[in-house]
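Listing of target.pdb; format and content: PDB, C-alpha atoms.
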ATOM      1  CA  MET U 420       0.000   0.000   0.000
ATOM      2  CA  PRO U 421       1.289   3.515  -0.747
ATOM      3  CA  ASP U 422       2.220   5.900   2.050
ATOM      4  CA  SER U 423      -0.475   8.399   3.023
ATOM      5  CA  SER U 424       1.717  11.245   1.718
ATOM      6  CA  THR U 425       1.949   9.698  -1.763
ATOM      7  CA  PRO U 426      -0.116  11.609  -4.338
ATOM      8  CA  ARG U 427      -3.187   9.493  -5.106
ATOM      9  CA  ILE U 428      -2.752   9.977  -8.827
ATOM     10  CA  LEU U 429       0.624   8.203  -8.720
ATOM     11  CA  ALA U 430      -0.793   5.370  -6.639
ATOM     12  CA  LEU U 431      -3.623   5.032  -9.157
ATOM     13  CA  ALA U 432      -1.318   5.162 -12.166
ATOM     14  CA  TRP U 433       0.971   2.447 -10.800
ATOM     15  CA  GLY U 434      -1.898   0.248  -9.610
ATOM     16  CA  LEU U 435      -0.843   0.588  -5.979
ATOM     17  CA  GLU U 436      -4.280   1.642  -4.786
ATOM     18  CA  ALA U 437      -6.929  -1.027  -4.518
ATOM     19  CA  ALA U 438      -9.963  -0.806  -6.755
ATOM     20  CA  PRO U 439     -13.149   0.472  -5.090
ATOM     21  CA  GLN U 440     -15.010  -2.180  -3.148
ATOM     22  CA  ARG U 441     -18.335  -0.510  -3.859
ATOM     23  CA  GLY U 442     -19.902   0.498  -7.138
ATOM     24  CA  PRO U 443     -19.769  -1.048 -10.639
ATOM     25  CA  LYS U 444     -16.432  -2.838 -10.237
ATOM     26  CA  ARG U 445     -16.823  -5.262 -13.094
ATOM     27  CA  GLU U 446     -17.952  -2.738 -15.673
ATOM     28  CA  LEU U 447     -15.481  -0.015 -14.721
ATOM     29  CA  SER U 448     -11.705   0.092 -14.376
ATOM     30  CA  LEU U 449      -9.223   2.923 -14.441
ATOM     31  CA  GLU U 450      -7.924   1.769 -17.821
ATOM     32  CA  ARG U 451     -11.402   1.745 -19.383
ATOM     33  CA  ILE U 452     -12.161   5.180 -17.958
ATOM     34  CA  VAL U 453      -8.927   6.630 -19.377
ATOM     35  CA  ASP U 454      -9.500   4.965 -22.760
ATOM     36  CA  ALA U 455     -13.020   6.376 -22.964
ATOM     37  CA  ALA U 456     -11.787   9.851 -22.052
ATOM     38  CA  ILE U 457      -9.075   9.671 -24.733
ATOM     39  CA  GLU U 458     -11.636   8.631 -27.331
ATOM     40  CA  ILE U 459     -13.773  11.664 -26.466
ATOM     41  CA  ALA U 460     -10.769  13.999 -26.568
ATOM     42  CA  ASP U 461      -9.593  12.628 -29.908
ATOM     43  CA  ALA U 462     -13.008  13.338 -31.411
ATOM     44  CA  GLU U 463     -13.947  16.608 -29.730
ATOM     45  CA  GLY U 464     -10.961  18.031 -27.837
ATOM     46  CA  ILE U 465      -9.968  18.096 -24.197
ATOM     47  CA  ALA U 466     -12.710  20.589 -23.262
ATOM     48  CA  ALA U 467     -15.304  17.915 -23.997
ATOM     49  CA  VAL U 468     -13.813  15.577 -21.390
ATOM     50  CA  THR U 469     -15.762  15.964 -18.177
ATOM     51  CA  MET U 470     -16.483  13.463 -15.469
ATOM     52  CA  GLN U 471     -20.181  13.590 -16.402
ATOM     53  CA  ARG U 472     -19.446  12.938 -20.079
ATOM     54  CA  VAL U 473     -17.162   9.991 -19.381
ATOM     55  CA  ALA U 474     -19.640   8.499 -16.905
ATOM     56  CA  LYS U 475     -22.332   8.746 -19.573
ATOM     57  CA  VAL U 476     -20.262   6.507 -21.863
ATOM     58  CA  PHE U 477     -20.674   3.676 -19.361
ATOM     59  CA  GLY U 478     -24.199   4.559 -18.310
ATOM     60  CA  PHE U 479     -23.170   5.242 -14.713
ATOM     61  CA  SER U 480     -23.390   8.203 -12.406
ATOM     62  CA  THR U 481     -20.539  10.686 -12.092
ATOM     63  CA  MET U 482     -20.043   9.498  -8.509
ATOM     64  CA  ALA U 483     -19.079   6.070  -9.822
ATOM     65  CA  LEU U 484     -16.096   7.620 -11.634
ATOM     66  CA  TYR U 485     -14.999   9.558  -8.565
ATOM     67  CA  ARG U 486     -14.424   6.240  -6.831
ATOM     68  CA  TYR U 487     -11.672   5.576  -9.392
ATOM     69  CA  VAL U 488     -10.225   9.013 -10.097
ATOM     70  CA  SER U 489     -10.527  12.021  -7.794
ATOM     71  CA  THR U 490     -10.679  14.979 -10.167
ATOM     72  CA  LYS U 491     -10.945  15.901 -13.826
ATOM     73  CA  ASP U 492      -7.382  17.274 -13.675
ATOM     74  CA  ASP U 493      -6.129  13.898 -12.451
ATOM     75  CA  LEU U 494      -7.994  12.239 -15.306
ATOM     76  CA  HIS U 495      -6.302  14.600 -17.773
ATOM     77  CA  GLN U 496      -2.878  13.690 -16.405
ATOM     78  CA  LEU U 497      -3.668   9.981 -16.706
ATOM     79  CA  MET U 498      -4.853  10.548 -20.268
ATOM     80  CA  PHE U 499      -1.625  12.339 -21.131
ATOM     81  CA  ASP U 500       0.458   9.525 -19.683
ATOM     82  CA  ALA U 501      -1.461   6.899 -21.629
ATOM     83  CA  ALA U 502      -1.493   8.810 -24.923
ATOM     84  CA  LEU U 503       2.153   9.908 -24.945
ATOM     85  CA  SER U 504       3.416   6.489 -23.897
ATOM     86  CA  GLU U 505       2.569   5.410 -27.462
ATOM     87  CA  SER U 506       5.675   7.282 -28.597
ATOM     88  CA  SER U 507       7.848   4.505 -27.167
ATOM     89  CA  ALA U 508       6.837   2.078 -29.929
ATOM     90  CA  PRO U 509       9.093   3.445 -32.719
ATOM     91  CA  ILE U 510      12.095   3.619 -30.382
ATOM     92  CA  ALA U 511      11.675  -0.001 -29.271
ATOM     93  CA  THR U 512      12.323  -1.193 -32.817
ATOM     94  CA  VAL U 513      15.629   0.700 -33.197
ATOM     95  CA  ASP U 514      18.924  -1.097 -32.768
ATOM     96  CA  ASP U 515      20.467   0.305 -29.579
ATOM     97  CA  ASP U 516      23.993   0.618 -31.040
ATOM     98  CA  ASP U 517      22.945   3.665 -33.105
ATOM     99  CA  TRP U 518      22.022   6.530 -30.811
ATOM    100  CA  ARG U 519      21.315   8.847 -33.753
ATOM    101  CA  ALA U 520      18.660   6.484 -35.087
ATOM    102  CA  GLY U 521      17.315   6.100 -31.570
ATOM    103  CA  LEU U 522      16.975   9.844 -30.998
ATOM    104  CA  GLY U 523      15.486  10.287 -34.460
ATOM    105  CA  ALA U 524      12.869   7.638 -33.670
ATOM    106  CA  LEU U 525      12.271   9.291 -30.289
ATOM    107  CA  LEU U 526      11.589  12.662 -31.906
ATOM    108  CA  ARG U 527       9.332  11.245 -34.604
ATOM    109  CA  GLY U 528       7.472   9.058 -32.117
ATOM    110  CA  LEU U 529       6.702  12.025 -29.875
ATOM    111  CA  VAL U 530       5.522  14.190 -32.759
ATOM    112  CA  ALA U 531       3.370  11.312 -34.047
ATOM    113  CA  ALA U 532       1.772  10.931 -30.609
ATOM    114  CA  TYR U 533       0.975  14.644 -30.449
ATOM    115  CA  ARG U 534      -0.457  14.508 -33.966
ATOM    116  CA  ALA U 535      -2.682  11.595 -33.011
ATOM    117  CA  HIS U 536      -3.745  13.289 -29.760
ATOM    118  CA  PRO U 537      -3.392  17.063 -30.293
ATOM    119  CA  TRP U 538      -5.377  17.751 -27.116
ATOM    120  CA  ALA U 539      -2.313  16.606 -25.158
ATOM    121  CA  LEU U 540      -0.779  19.990 -25.967
ATOM    122  CA  ASP U 541      -3.578  21.657 -23.987
ATOM    123  CA  ILE U 542      -2.817  19.779 -20.770
ATOM    124  CA  SER U 543      -0.688  21.658 -18.244
ATOM    125  CA  LEU U 544       1.853  19.138 -17.016
ATOM    126  CA  THR U 545       2.393  18.650 -13.303
ATOM    127  CA  PRO U 546       5.580  17.255 -11.737
ATOM    128  CA  ASP U 547       3.714  14.038 -10.929
ATOM    129  CA  VAL U 548       3.120  13.174 -14.595
ATOM    130  CA  HIS U 549       6.849  12.575 -15.094
ATOM    131  CA  PHE U 550       6.720   9.777 -12.509
ATOM    132  CA  MET U 551       3.804   7.948 -14.072
ATOM    133  CA  PRO U 552       4.351   4.482 -15.569
ATOM    134  CA  GLY U 553       3.914   5.436 -19.216
ATOM    135  CA  GLN U 554       6.380   8.302 -18.987
ATOM    136  CA  MET U 555       8.944   6.273 -17.055
ATOM    137  CA  ARG U 556       8.686   3.395 -19.529
ATOM    138  CA  PHE U 557       9.212   5.969 -22.262
ATOM    139  CA  VAL U 558      12.345   7.251 -20.487
ATOM    140  CA  ASP U 559      13.624   3.702 -20.002
ATOM    141  CA  THR U 560      13.151   2.887 -23.696
ATOM    142  CA  SER U 561      14.780   6.183 -24.700
ATOM    143  CA  LEU U 562      17.803   5.516 -22.497
ATOM    144  CA  ARG U 563      18.118   2.063 -24.056
ATOM    145  CA  ALA U 564      18.197   3.710 -27.492
ATOM    146  CA  MET U 565      20.987   5.994 -26.211
ATOM    147  CA  ARG U 566      23.178   3.246 -24.774
ATOM    148  CA  ASP U 567      25.848   3.993 -27.361
ATOM    149  CA  LEU U 568      25.771   7.751 -26.698
ATOM    150  CA  PRO U 569      29.142   8.494 -25.019
ATOM    151  CA  VAL U 570      27.830  10.690 -22.183
ATOM    152  CA  SER U 571      26.743  10.138 -18.598
ATOM    153  CA  GLY U 572      23.283   9.156 -17.477
ATOM    154  CA  PRO U 573      22.328  12.655 -16.268
ATOM    155  CA  THR U 574      23.454  14.119 -19.595
ATOM    156  CA  LYS U 575      21.300  11.585 -21.445
ATOM    157  CA  LEU U 576      18.337  12.744 -19.377
ATOM    158  CA  GLY U 577      19.198  16.295 -20.430
ATOM    159  CA  VAL U 578      19.240  15.209 -24.069
ATOM    160  CA  LEU U 579      15.837  13.599 -23.559
ATOM    161  CA  VAL U 580      14.460  16.859 -22.151
ATOM    162  CA  VAL U 581      15.769  18.807 -25.160
ATOM    163  CA  VAL U 582      14.306  16.347 -27.680
ATOM    164  CA  SER U 583      10.970  16.185 -25.836
ATOM    165  CA  ALA U 584      10.724  19.980 -25.646
ATOM    166  CA  PHE U 585      11.562  20.278 -29.344
ATOM    167  CA  ALA U 586       8.897  17.714 -30.253
ATOM    168  CA  ARG U 587       6.211  19.401 -28.138
ATOM    169  CA  GLY U 588       7.043  22.840 -29.530
ATOM    170  CA  LEU U 589       7.088  21.594 -33.113
ATOM    171  CA  ALA U 590       3.781  19.768 -32.633
ATOM    172  CA  ALA U 591       2.207  22.933 -31.209
ATOM    173  CA  VAL U 592       3.343  24.993 -34.201
ATOM    174  CA  GLU U 593       2.138  22.271 -36.584
ATOM    175  CA  ARG U 594      -1.304  22.299 -35.022
ATOM    176  CA  GLU U 595      -1.592  26.049 -35.409
ATOM    177  CA  VAL U 596      -0.421  25.994 -39.023
ATOM    178  CA  LEU U 597      -2.564  23.027 -40.080
ATOM    179  CA  ALA U 598      -5.596  24.696 -38.507
ATOM    180  CA  GLY U 599      -4.947  27.908 -40.424
ATOM    181  CA  THR U 600      -6.924  29.296 -43.325
ATOM    182  CA  ALA U 601      -5.976  30.996 -46.557
ATOM    183  CA  LEU U 602      -4.432  34.437 -46.107
ATOM    184  CA  GLN U 603      -6.855  37.180 -47.022
ATOM    185  CA  PRO U 604      -5.553  39.639 -49.674
ATOM    186  CA  GLU U 605      -6.281  42.698 -47.539
ATOM    187  CA  ILE U 606      -4.267  41.260 -44.637
ATOM    188  CA  ARG U 607      -1.354  40.496 -46.933
ATOM    189  CA  ALA U 608      -1.437  43.990 -48.415
ATOM    190  CA  LEU U 609      -1.440  45.487 -44.926
ATOM    191  CA  ILE U 610       1.559  43.410 -43.834
ATOM    192  CA  GLU U 611       3.515  44.193 -46.998
ATOM    193  CA  GLU U 612       2.977  47.918 -46.519
ATOM    194  CA  ALA U 613       3.732  47.762 -42.795
ATOM    195  CA  VAL U 614       6.984  45.890 -43.316
ATOM    196  CA  ARG U 615       8.019  48.193 -46.147
ATOM    197  CA  THR U 616       7.729  51.252 -43.926
ATOM    198  CA  ALA U 617       8.812  49.702 -40.592
ATOM    199  CA  GLY U 618      12.522  49.527 -41.314
ATOM    200  CA  LEU U 619      12.903  45.739 -41.320
ATOM    201  CA  PRO U 620      15.597  45.316 -43.990
ATOM    202  CA  ASP U 621      16.286  41.596 -43.526
ATOM    203  CA  LEU U 622      12.644  40.581 -43.381
ATOM    204  CA  ARG U 623      11.421  42.819 -46.199
ATOM    205  CA  PRO U 624      12.829  40.691 -49.108
ATOM    206  CA  LEU U 625      11.065  37.564 -47.784
ATOM    207  CA  VAL U 626       7.793  39.433 -47.475
ATOM    208  CA  ALA U 627       8.159  41.007 -50.917
ATOM    209  CA  SER U 628       8.934  37.652 -52.561
ATOM    210  CA  GLY U 629       6.015  35.916 -50.888
ATOM    211  CA  ALA U 630       8.245  33.407 -49.080
ATOM    212  CA  TYR U 631       7.131  34.717 -45.686
ATOM    213  CA  PHE U 632       3.520  33.984 -46.644
ATOM    214  CA  ASP U 633       4.404  30.505 -47.972
ATOM    215  CA  ASP U 634       2.947  31.351 -51.371
ATOM    216  CA  GLU U 635       3.795  27.979 -52.890
ATOM    217  CA  SER U 636       1.531  26.066 -50.499
ATOM    218  CA  ARG U 637      -1.186  28.637 -49.834
ATOM    219  CA  GLY U 638      -4.413  28.613 -51.781
ATOM    220  CA  ALA U 639      -8.060  29.382 -51.443
ATOM    221  CA  ALA U 640      -8.528  26.049 -49.664
ATOM    222  CA  PRO U 641      -5.356  24.610 -48.051
ATOM    223  CA  ASP U 642      -4.772  20.967 -49.001
ATOM    224  CA  PRO U 643      -4.383  18.837 -45.820
ATOM    225  CA  ALA U 644      -2.246  16.264 -47.666
ATOM    226  CA  VAL U 645       0.162  18.973 -48.835
ATOM    227  CA  ALA U 646       0.266  20.448 -45.332
ATOM    228  CA  VAL U 647       1.174  17.075 -43.799
ATOM    229  CA  THR U 648       3.883  16.511 -46.415
ATOM    230  CA  GLU U 649       5.373  19.901 -45.640
ATOM    231  CA  ALA U 650       5.116  19.232 -41.895
ATOM    232  CA  ASN U 651       7.027  15.961 -42.355
ATOM    233  CA  ALA U 652       9.708  17.780 -44.356
ATOM    234  CA  ILE U 653      10.110  20.312 -41.541
ATOM    235  CA  LEU U 654      10.254  17.470 -39.013
ATOM    236  CA  ASP U 655      12.990  15.719 -41.014
ATOM    237  CA  PHE U 656      14.944  18.966 -41.296
ATOM    238  CA  GLY U 657      14.553  19.654 -37.587
ATOM    239  CA  ALA U 658      15.718  16.139 -36.711
ATOM    240  CA  GLN U 659      18.805  16.526 -38.908
ATOM    241  CA  VAL U 660      19.689  19.886 -37.343
ATOM    242  CA  LEU U 661      19.127  18.646 -33.799
ATOM    243  CA  LEU U 662      21.147  15.443 -34.240
ATOM    244  CA  ALA U 663      23.972  17.165 -36.118
ATOM    245  CA  GLY U 664      24.215  19.830 -33.434
ATOM    246  CA  LEU U 665      24.179  17.240 -30.676
ATOM    247  CA  ASP U 666      26.916  15.296 -32.453
ATOM    248  CA  VAL U 667      29.151  18.389 -32.538
ATOM    249  CA  VAL U 668      28.461  19.257 -28.905
ATOM    250  CA  ILE U 669      29.283  15.730 -27.727
ATOM    251  CA  GLU U 670      32.549  15.689 -29.650
ATOM    252  CA  GLN U 671      33.586  18.901 -27.904
ATOM    253  CA  MET U 672      32.562  17.769 -24.414
ATOM    254  CA  PRO U 673      35.221  16.625 -21.954
ATOM    255  CA  PRO U 674      34.993  12.958 -20.941
ATOM    256  CA  GLU U 675      32.292  12.328 -18.370
ATOM    257  CA  SER U 676      32.451   9.858 -15.549
ATOM    258  CA  ASP U 677      29.240   8.038 -14.884
ATOM    259  CA  GLU U 678      28.420   6.350 -11.589
ATOM    260  CA  VAL U 679      28.534   2.593 -11.791
ATOM    261  CA  ALA U 680      25.104   1.214 -11.084
ATOM    262  CA  PRO U 681      24.887  -1.417  -8.341
ATOM    263  CA  PRO U 682      24.553  -4.982  -9.605
ATOM    264  CA  LEU U 683      21.046  -6.240 -10.139
ATOM    265  CA  ASP U 684      19.614  -8.719  -7.700
ATOM    266  CA  PRO U 685      18.196 -11.977  -9.126
ATOM    267  CA  VAL U 686      14.654 -10.617  -9.351
ATOM    268  CA  GLU U 687      15.853  -7.491 -11.168
ATOM    269  CA  GLN U 688      17.984  -9.612 -13.491
ATOM    270  CA  LEU U 689      14.901 -11.674 -14.362
ATOM    271  CA  GLU U 690      12.855  -8.521 -15.025
ATOM    272  CA  ALA U 691      15.636  -7.082 -17.208
ATOM    273  CA  ALA U 692      15.943 -10.329 -19.133
ATOM    274  CA  GLU U 693      12.170 -10.472 -19.665
ATOM    275  CA  ALA U 694      12.131  -6.863 -20.908
ATOM    276  CA  GLU U 695      15.016  -7.538 -23.297
ATOM    277  CA  LEU U 696      13.285 -10.653 -24.600
ATOM    278  CA  VAL U 697      10.079  -8.699 -25.226
ATOM    279  CA  ARG U 698      12.045  -6.017 -27.069
ATOM    280  CA  HIS U 699      13.798  -8.538 -29.301
ATOM    281  CA  ARG U 700      10.521 -10.290 -30.043
ATOM    282  CA  GLU U 701       9.066  -6.969 -31.133
ATOM    283  CA  LEU U 702      12.092  -6.355 -33.350
ATOM    284  CA  ARG U 703      11.617  -9.815 -34.889
ATOM    285  CA  LYS U 704       7.916  -9.172 -35.498
ATOM    286  CA  GLN U 705       8.713  -5.851 -37.111
ATOM    287  CA  ALA U 706      11.283  -7.534 -39.350
ATOM    288  CA  GLN U 707       8.848 -10.316 -40.267
ATOM    289  CA  ARG U 708       6.143  -7.807 -41.151
ATOM    290  CA  ARG U 709       8.618  -5.904 -43.301
ATOM    291  CA  VAL U 710       9.725  -9.110 -45.073
ATOM    292  CA  GLN U 711       6.086 -10.037 -45.740
ATOM    293  CA  GLN U 712       5.437  -6.579 -47.139
ATOM    294  CA  LEU U 713       8.497  -6.817 -49.397
ATOM    295  CA  GLU U 714       7.424 -10.273 -50.563
ATOM    296  CA  ARG U 715       3.984  -8.934 -51.514
ATOM    297  CA  GLU U 716       5.568  -6.032 -53.339
ATOM    298  CA  GLU U 717       7.963  -8.390 -55.107
ATOM    299  CA  ALA U 718       5.069 -10.637 -56.195
ATOM    300  CA  ALA U 719       3.184  -7.642 -57.570
ATOM    301  CA  LEU U 720       6.282  -6.440 -59.404
ATOM    302  CA  GLN U 721       6.850  -9.905 -60.834
ATOM    303  CA  LYS U 722       3.268 -10.036 -62.122
ATOM    304  CA  ALA U 723       3.703  -6.623 -63.692
ATOM    305  CA  ARG U 724       6.974  -7.792 -65.253
ATOM    306  CA  ASP U 725       5.312 -10.949 -66.625
ATOM    307  CA  ARG U 726       2.466  -8.937 -68.137
ATOM    308  CA  ALA U 727       4.946  -6.554 -69.718
ATOM    309  CA  LYS U 728       6.922  -9.528 -71.029
ATOM    310  CA  GLU U 729       3.833 -11.026 -72.669
ATOM    311  CA  LEU U 730       2.931  -7.687 -74.205
ATOM    312  CA  ALA U 731       6.471  -7.322 -75.499
ATOM    313  CA  LYS U 732       6.303 -10.792 -77.085
ATOM    314  CA  ALA U 733       2.942 -10.048 -78.669
ATOM    315  CA  HIS U 734       4.231  -6.763 -79.971
ATOM    316  CA  ALA U 735       7.350  -8.383 -81.436
ATOM    317  CA  LYS U 736       5.252 -11.116 -83.041
ATOM    318  CA  PHE U 737       2.899  -8.571 -84.532
ATOM    319  CA  ALA U 738       5.785  -6.430 -85.790
ATOM    320  CA  ALA U 739       7.407  -9.467 -87.460
ATOM    321  CA  LYS U 740       4.177 -10.560 -89.167
ATOM    322  CA  PRO U 741       4.200  -9.764 -92.920
ATOM    323  CA  ASP U 742       1.637  -7.324 -94.199
ATOM    324  CA  ALA U 743      -1.665  -8.875 -95.265
ATOM    325  CA  ASP U 744      -1.180  -7.263 -98.663
TER     326      ASP U 744
END

For the file at hand, write its structure as structure tokens.
Amino acid sequence: MPDSSTPRILALAWGLEAAPQRGPKRELSLERIVDAAIEIADAEGIAAVTMQRVAKVFGFSTMALYRYVSTKDDLHQLMFDAALSESSAPIATVDDDDWRAGLGALLRGLVAAYRAHPWALDISLTPDVHFMPGQMRFVDTSLRAMRDLPVSGPTKLGVLVVVSAFARGLAAVEREVLAGTALQPEIRALIEEAVRTAGLPDLRPLVASGAYFDDESRGAAPDPAVAVTEANAILDFGAQVLLAGLDVVIEQMPPESDEVAPPLDPVEQLEAAEAELVRHRELRKQAQRRVQQLEREEAALQKARDRAKELAKAHAKFAAKPDAD
């Protein structure tokens, strides 16, 4: 049982608090409540997530939910932990002897999670959320991907903070841009005139050329597919800049001494071995799925080649046939 001073939300998140002994125990669980709340937020935004609305999903009273989670704010934190823990999946499939690939997967996984659950950007994070199971599993997986990074453990945590902050900031900007509308001509004319007379010599050429307004991608009705493609290009560029800069900084850093962790006891060794086995099984499954995909693509290409071969034979036969005259 958790100590009385332990925040209840952490005890709930880690399953250290017993389920309510009264109320609809079989129909409700903390996991089902969080999943239902995430589904509502994905469809309608975080403002739509209230205790009454979530209770309505299950056909129970709001009081039934309060037996599992104390406040709406706690529910939001649990939702964030569950939604952002999805970002660990891409990292788990990266070979841990390439820290650059690991950090690249970390960045892309975080951005993908924010894209899938944009409401997560609207949740004000509390210190407790960083100690929840999903976030700590995410940190553990990220550290595994950085095993080959030649810096100390605390520095790796610092790198993780930088990458996480970059991903959250980029996702926030993406959401604003993708939600934007076409620039009205009168607004553009106003900005062009304002910049021309405001004494902004370095910005003025970009405004005059239209680059500042992103003329190439703007239109009367912005194309979501084009916007996503451009967002991915910016993400790739940002990842390259971040990793290249980190590479330079690490090369210039003096050698760091890291504390040697105490040896694992037998139970911890078993847990570590189980976790490593699960990770390798996931890598194998990913590889098998990729091989199956390549085999299907190869079969389709072979069929296309065979059809082209038959057409080529028919064409050659027709070309060699003497004229009917």

Review point. Skipping near chain neighbours, those fewer than 3 positions away, what residues fall within 6 Å of Ser506 of chain U using only C-alpha atoms, listed as number ranges by chain?
Key: U: 503, 528-529, 532

Any chance you could export the current selection's C-alpha atoms as a JSON list (two decimals), in the coordinates of the input?
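Contents of the output file out01.json:
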[["chain", "number", "residue", "atom", "x", "y", "z"],
["U", 503, "LEU", "CA", 2.15, 9.91, -24.94],
["U", 528, "GLY", "CA", 7.47, 9.06, -32.12],
["U", 529, "LEU", "CA", 6.70, 12.02, -29.88],
["U", 532, "ALA", "CA", 1.77, 10.93, -30.61]]

Check your understanding: If the PyMOL selection byres ((chain U and resi 520) around 12) is run on the structure shown, which residues does it catch, given as a ChimeraX atom specification?
Key -> /U:509-519,521-528,561,563-568,658-659,662-663

Find the residues around Trp538 of chain U up to 12 Å (all atoms listed in the file counted), leave out those fewer than 4 positions away in its own chain, and share them as an mmCIF file with C-alpha atoms, in the coordinates of the input.
data_model
loop_
_atom_site.group_PDB
_atom_site.id
_atom_site.type_symbol
_atom_site.label_atom_id
_atom_site.label_comp_id
_atom_site.auth_asym_id
_atom_site.auth_seq_id
_atom_site.Cartn_x
_atom_site.Cartn_y
_atom_site.Cartn_z
ATOM 1 C CA ALA U 456 -11.787 9.851 -22.052
ATOM 2 C CA ILE U 457 -9.075 9.671 -24.733
ATOM 3 C CA GLU U 458 -11.636 8.631 -27.331
ATOM 4 C CA ILE U 459 -13.773 11.664 -26.466
ATOM 5 C CA ALA U 460 -10.769 13.999 -26.568
ATOM 6 C CA ASP U 461 -9.593 12.628 -29.908
ATOM 7 C CA ALA U 462 -13.008 13.338 -31.411
ATOM 8 C CA GLU U 463 -13.947 16.608 -29.730
ATOM 9 C CA GLY U 464 -10.961 18.031 -27.837
ATOM 10 C CA ILE U 465 -9.968 18.096 -24.197
ATOM 11 C CA ALA U 466 -12.710 20.589 -23.262
ATOM 12 C CA ALA U 467 -15.304 17.915 -23.997
ATOM 13 C CA VAL U 468 -13.813 15.577 -21.390
ATOM 14 C CA HIS U 495 -6.302 14.600 -17.773
ATOM 15 C CA GLN U 496 -2.878 13.690 -16.405
ATOM 16 C CA MET U 498 -4.853 10.548 -20.268
ATOM 17 C CA PHE U 499 -1.625 12.339 -21.131
ATOM 18 C CA ALA U 502 -1.493 8.810 -24.923
ATOM 19 C CA LEU U 503 2.153 9.908 -24.945
ATOM 20 C CA ALA U 532 1.772 10.931 -30.609
ATOM 21 C CA TYR U 533 0.975 14.644 -30.449
ATOM 22 C CA ARG U 534 -0.457 14.508 -33.966
ATOM 23 C CA ILE U 542 -2.817 19.779 -20.770
ATOM 24 C CA SER U 543 -0.688 21.658 -18.244
ATOM 25 C CA ARG U 587 6.211 19.401 -28.138
ATOM 26 C CA ALA U 590 3.781 19.768 -32.633
ATOM 27 C CA ALA U 591 2.207 22.933 -31.209
ATOM 28 C CA ARG U 594 -1.304 22.299 -35.022
#

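Closest approach to Gly553 of chain U among U:Val578, U:Ser504, U:Ala718, U:Ser571 is made by U:Ser504 (distances from all atoms listed in the file).
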
Exercise for review: Tell me which of U:Gly588, U:Pro674, U:Pro620, U:Gly629 sits closest to Leu654 of chain U, counting all atoms listed in the file.
Suggested key: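 That would be U:Gly588, the residue with the smallest distance to Leu654 of chain U.
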
Review point. By how many Å are atom CA of Arg472 of chain U and atom CA of Ala455 of chain U apart?
Key: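 About the pair atom CA of Arg472 of chain U and atom CA of Ala455 of chain U: they are 9.6 Å apart.
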
Check your understanding: atom CA of Val453 of chain U to atom CA of Arg698 of chain U: how many Å, to one decimal?
Key ->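 Between atom CA of Val453 of chain U and atom CA of Arg698 of chain U the gap works out to 25.7 Å.
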
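For Val488 of chain U, the set of protein, DNA and RNA residues having any atom at most 9 Å away, when counting only C-alpha atoms and skipping those fewer than 6 positions along the same chain, is Arg427, Ile428, Leu431, Leu449, Ile452 and Leu494 of chain U.
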
Exercise for review: Write out as an MDAnalysis selection string the residues lying within 12 Å of Arg623 of chain U, counting all atoms listed in the file and excluding same-chain residues fewer than 6 positions away.
Suggested key: chainID U and resid 610:617 629:632

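The residues caught by the PyMOL selection byres ((chain U and resi 688-696) around 12) in this file are Ala511, Thr512, Asp515, Arg556, Asp559, Thr560, Arg563, Pro681, Pro682, Leu683, Asp684, Pro685, Val686, Glu687, Val697, Arg698, His699, Arg700, Glu701, Leu702 and Arg703 of chain U.
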
Practice item. Please indicate the distance in Å from atom CA of Ala474 of chain U to atom CA of Met555 of chain U, rounded to one decimal place. Key: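 Computing the Euclidean distance for atom CA of Ala474 of chain U and atom CA of Met555 of chain U yields 28.7 Å.
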
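Each of U:Leu540, U:Tyr485, U:Leu713, U:Phe656 was checked against Ala584 of chain U using all atoms listed in the file; the smallest atom-to-atom distance is that of U:Leu540.
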